[in-house]
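Q: This structure is in structure tokens; I'll ask about it shortly.
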Amino acid sequence: MASKTLAIFGVGLMGGSIGLAVKKKRLPWRVLGIGRDSARLAIAKRVGSLDDFSIDPARAKEADLVILCTALSQIVPSFQKIKSHLKPGAWVSDIGSVKSPILKEIFDSSPKAKFVGGHPLAGSEKTGAENSRADLYEGATVALCADSKIGLKVLKNFWTSLGAKPVGMESEIHDILAAQTSHLPHVLAASLARLIAALNGRDPHAGKLLAGSFRDMTRIADSDPRQWAEISAANQKFIMGAIKAYRDILLDIIKKFDSPDAGVTEWEDFFSTARSGRREILR
């Protein structure tokens with residue numbers, strides 16, 4: 001019997017997967033979906049993510065914990081819609097991949113808000129509750145940004161119960177690191193996809209030579225363009241820093257290999273160093 005209510009505001013792939021994980025693990029939560037589109041909420045209920053749903057933000061008054069799973073641009077507006085309805089002691093978090101601007105806006109307008117910034121490093125190029133997966137967060141790191149030790153503990157316990165690995169950090173540090181480890185790869189994947197698309201426009205043979213390496217490196221370029229436009233605009237300063245750092249690496253490659261003196265030995269050293277570095281950070 002559920003003893004607490006979890007409200008998921010915006011039930012797409014990410015929110016739906018939270019609900020499915022709660023159900024699969026038989027956690028003591030009643031899951032309530034809140035959103036603007038009753039048809040989409042009905043899909044989430046049909047796939048088993050929700051116990052109930054509503055398009056009325058006032059239903060947030062039932063929740064002990066609210067997770068805002070909307071598009072990045074809608075996180076703060078969604079919080080504003082529910083904040084007057086929250087019951088005493090209820091905590092609110094989000095899943096946005098940029099933290100500093102969100103936290104600043106929320107606490108500027110509501111200094112006493114019981115809010116913990118969250119960013120689960122999980123997802124898919126697919127969208128919609130119909131693509132929800134109960135194991136989406138299994139083993140995934142979840143960055144949590146909060147000044148409140150109590151709030152941090154509440155959200156750490158919640159994400160741990162889903163099989164995730166929560167890590168507390170400062171919001172600006174999060175945004176700097178996310179720009180390089182998450183946001184930059186999307187920019188690079190999109191850039192490579194555009195490069196080869198243009199090449200194929202000039203010579204159709206290019207498309208016939210595509211192998212697994214191209215598909216592996218550009219898979220995330222198939223993600224929702226609007227979603228990544230919002231993320232990139234929100235974290236633009238740090239993303240530009242990441243792009244410039246990557247540019248410097250490319251310039252070093254050009255300087256080193258744009259010479260008749262460079263050959264197999266130098267290329268092997270380049271690839272070996274990269275392989276060792278990758279294996280070390282993923283260990």
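Labeling convention for the structure tokens: chains A, B, ... as they appear, residues from 1 per chain, ligands from 1 in order of appearance.
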Leaving out range 174-182 of chain A and any residue of its chain fewer than 5 positions from it, which residues lie within 8 Å of it when counting only C-alpha atoms, given as an MDAnalysis selection string?
A: chainID A and resid 97:100 143 169 235 238:239 242
Q: For Cys145 in chain A, which of A:Ala122, A:Leu162, A:Ile75, A:Ile102 is the closest residue, counting only C-alpha atoms?
A: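 With only C-alpha atoms as the atom set, the closest residue is A:Ile102.
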Q: Mind the document's chain letters and residue numbers, and return as a PDB file with C-alpha atoms, in the first residue's frame the residues of range 61-187 of chain A that DSSP labels alpha helix (DSSP H).
A:
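Printed below is part25.pdb as written:
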ATOM      1  CA  ILE A  75      10.772  23.931 -15.577  1.00  0.00           C
ATOM      2  CA  VAL A  76      10.544  27.333 -13.885  1.00  0.00           C
ATOM      3  CA  PRO A  77       7.031  28.107 -15.245  1.00  0.00           C
ATOM      4  CA  SER A  78       5.900  24.667 -14.059  1.00  0.00           C
ATOM      5  CA  PHE A  79       7.271  25.348 -10.586  1.00  0.00           C
ATOM      6  CA  GLN A  80       5.427  28.680 -10.514  1.00  0.00           C
ATOM      7  CA  LYS A  81       2.172  26.873 -11.368  1.00  0.00           C
ATOM      8  CA  ILE A  82       2.410  24.423  -8.476  1.00  0.00           C
ATOM      9  CA  SER A 100      22.476  27.328 -12.494  1.00  0.00           C
ATOM     10  CA  PRO A 101      19.857  29.374 -14.411  1.00  0.00           C
ATOM     11  CA  ILE A 102      16.999  27.238 -13.104  1.00  0.00           C
ATOM     12  CA  LEU A 103      18.057  27.417  -9.470  1.00  0.00           C
ATOM     13  CA  LYS A 104      18.680  31.164  -9.692  1.00  0.00           C
ATOM     14  CA  GLU A 105      15.232  31.872 -11.131  1.00  0.00           C
ATOM     15  CA  ILE A 106      13.456  29.672  -8.628  1.00  0.00           C
ATOM     16  CA  PHE A 107      15.210  30.982  -5.536  1.00  0.00           C
ATOM     17  CA  ASP A 108      15.076  34.609  -6.703  1.00  0.00           C
ATOM     18  CA  SER A 109      11.284  34.338  -6.797  1.00  0.00           C
ATOM     19  CA  LYS A 149      21.186  18.899   3.513  1.00  0.00           C
ATOM     20  CA  ILE A 150      17.671  17.625   4.208  1.00  0.00           C
ATOM     21  CA  GLY A 151      16.555  18.130   0.613  1.00  0.00           C
ATOM     22  CA  LEU A 152      19.734  16.536  -0.690  1.00  0.00           C
ATOM     23  CA  LYS A 153      19.132  13.501   1.523  1.00  0.00           C
ATOM     24  CA  VAL A 154      15.505  13.173   0.372  1.00  0.00           C
ATOM     25  CA  LEU A 155      16.469  13.220  -3.308  1.00  0.00           C
ATOM     26  CA  LYS A 156      19.508  10.983  -2.820  1.00  0.00           C
ATOM     27  CA  ASN A 157      17.315   8.394  -1.135  1.00  0.00           C
ATOM     28  CA  PHE A 158      14.726   8.641  -3.903  1.00  0.00           C
ATOM     29  CA  TRP A 159      17.161   8.201  -6.788  1.00  0.00           C
ATOM     30  CA  THR A 160      19.053   5.455  -4.987  1.00  0.00           C
ATOM     31  CA  SER A 161      15.763   3.557  -4.627  1.00  0.00           C
ATOM     32  CA  SER A 171      25.278  24.052  -9.800  1.00  0.00           C
ATOM     33  CA  GLU A 172      27.901  26.050 -11.717  1.00  0.00           C
ATOM     34  CA  ILE A 173      30.426  23.222 -11.485  1.00  0.00           C
ATOM     35  CA  HIS A 174      27.724  20.935 -12.865  1.00  0.00           C
ATOM     36  CA  ASP A 175      27.088  23.235 -15.828  1.00  0.00           C
ATOM     37  CA  ILE A 176      30.794  23.562 -16.658  1.00  0.00           C
ATOM     38  CA  LEU A 177      31.311  19.790 -16.573  1.00  0.00           C
ATOM     39  CA  ALA A 178      28.054  18.986 -18.378  1.00  0.00           C
ATOM     40  CA  LEU A 184      29.647  19.196 -26.450  1.00  0.00           C
ATOM     41  CA  PRO A 185      29.168  15.602 -27.752  1.00  0.00           C
ATOM     42  CA  HIS A 186      25.735  16.600 -29.089  1.00  0.00           C
ATOM     43  CA  VAL A 187      27.231  19.618 -30.860  1.00  0.00           C
TER      44      VAL A 187
END
Q: Could you tell me which of A:Ile254, A:Ala164, A:Val47, A:Ile67 comes closest to Gly118 in chain A if we count only C-alpha atoms?
A: A:Ile67
Q: Mind running range 45-99 of chain A against range 205-227 of chain A at 10 Å and telling me each contacting residue's nearest atom pair with the distance in Å (one decimal), counting only C-alpha atoms, chain and number ascending, as a Markdown table?
A:
| residue | atom | partner | partner_atom | distance |
| --- | --- | --- | --- | --- |
| A:Ala71 | CA | A:Gln227 | CA | 6.6 |
| A:Leu72 | CA | A:Gln227 | CA | 7.4 |
| A:Ser73 | CA | A:Gln227 | CA | 8.9 |
Q: Next, write the just-selected residues to a file, as an mmCIF file, in the first residue's frame, keeping C-alpha atoms as the atom set.
A:
data_model
loop_
_atom_site.group_PDB
_atom_site.id
_atom_site.type_symbol
_atom_site.label_atom_id
_atom_site.label_comp_id
_atom_site.auth_asym_id
_atom_site.auth_seq_id
_atom_site.Cartn_x
_atom_site.Cartn_y
_atom_site.Cartn_z
ATOM 1 C CA ALA A 71 11.314 20.706 -21.345
ATOM 2 C CA LEU A 72 14.072 22.877 -19.895
ATOM 3 C CA SER A 73 12.260 26.124 -20.746
#
Q: What's the 7 Å shell around range 111-115 of chain A, counting only C-alpha atoms, without same-chain residues fewer than 4 positions away, as a list in words?
A: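 So, after excluding close chain neighbours, the residues are Trp91, Val92, Ser93 and Phe107 of chain A.
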Q: Just to be explicit: take each residue in the selection above, keep N, CA and C atoms, and write the result as a compact mmCIF listing (two decimals), in the first residue's frame.
A:
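And here's again.txt as it stands now:
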# COMPACT_ATOMS: atom_id res chain seq x y z
N TRP A 91 8.81 18.32 -1.19
CA TRP A 91 10.01 18.73 -1.92
C TRP A 91 9.75 18.67 -3.42
N VAL A 92 10.47 19.52 -4.15
CA VAL A 92 10.36 19.58 -5.59
C VAL A 92 11.76 19.45 -6.19
N SER A 93 11.85 18.73 -7.28
CA SER A 93 13.12 18.61 -8.01
C SER A 93 12.82 18.63 -9.50
N PHE A 107 14.94 30.42 -6.86
CA PHE A 107 15.21 30.98 -5.54
C PHE A 107 15.14 32.50 -5.50
Q: For each of A:Gly263, A:Gly123, A:Gly241, A:Pro57, take the minimum atom-to-atom distance to Arg36 in chain A, counting only C-alpha atoms, then give the residue where this is smallest.
A: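 Going through A:Gly263, A:Gly123, A:Gly241, A:Pro57 one by one, the smallest distance to Arg36 in chain A is for A:Pro57.
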Q: Residues of range 10-246 of chain A in strand (DSSP E or B) according to DSSP, as a count of residues only?
A: 32
Q: Val142 in chain A: which residues within 8 Å, counting only C-alpha atoms, same-chain residues fewer than 2 positions away excluded, as a list of chain:residue names?
A: A:Gly118, A:His119, A:Pro120, A:Leu121, A:Ala140, A:Leu144, A:Trp159, A:Ala164, A:Lys165, A:Pro166, A:Val167
Q: Of the candidates A:Glu62, A:Thr70, A:Arg30, A:Leu20, which one gets nearest to Arg46 in chain A if we count only C-alpha atoms?
A: A:Leu20
Q: Rank A:Thr5, A:Ile55, A:Ser17, A:Asp252 by their smallest atom-to-atom distance to Leu32 in chain A, using only C-alpha atoms, and report the top residue only.
A: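 Nearest candidate to Leu32 in chain A out of A:Thr5, A:Ile55, A:Ser17, A:Asp252: A:Thr5.
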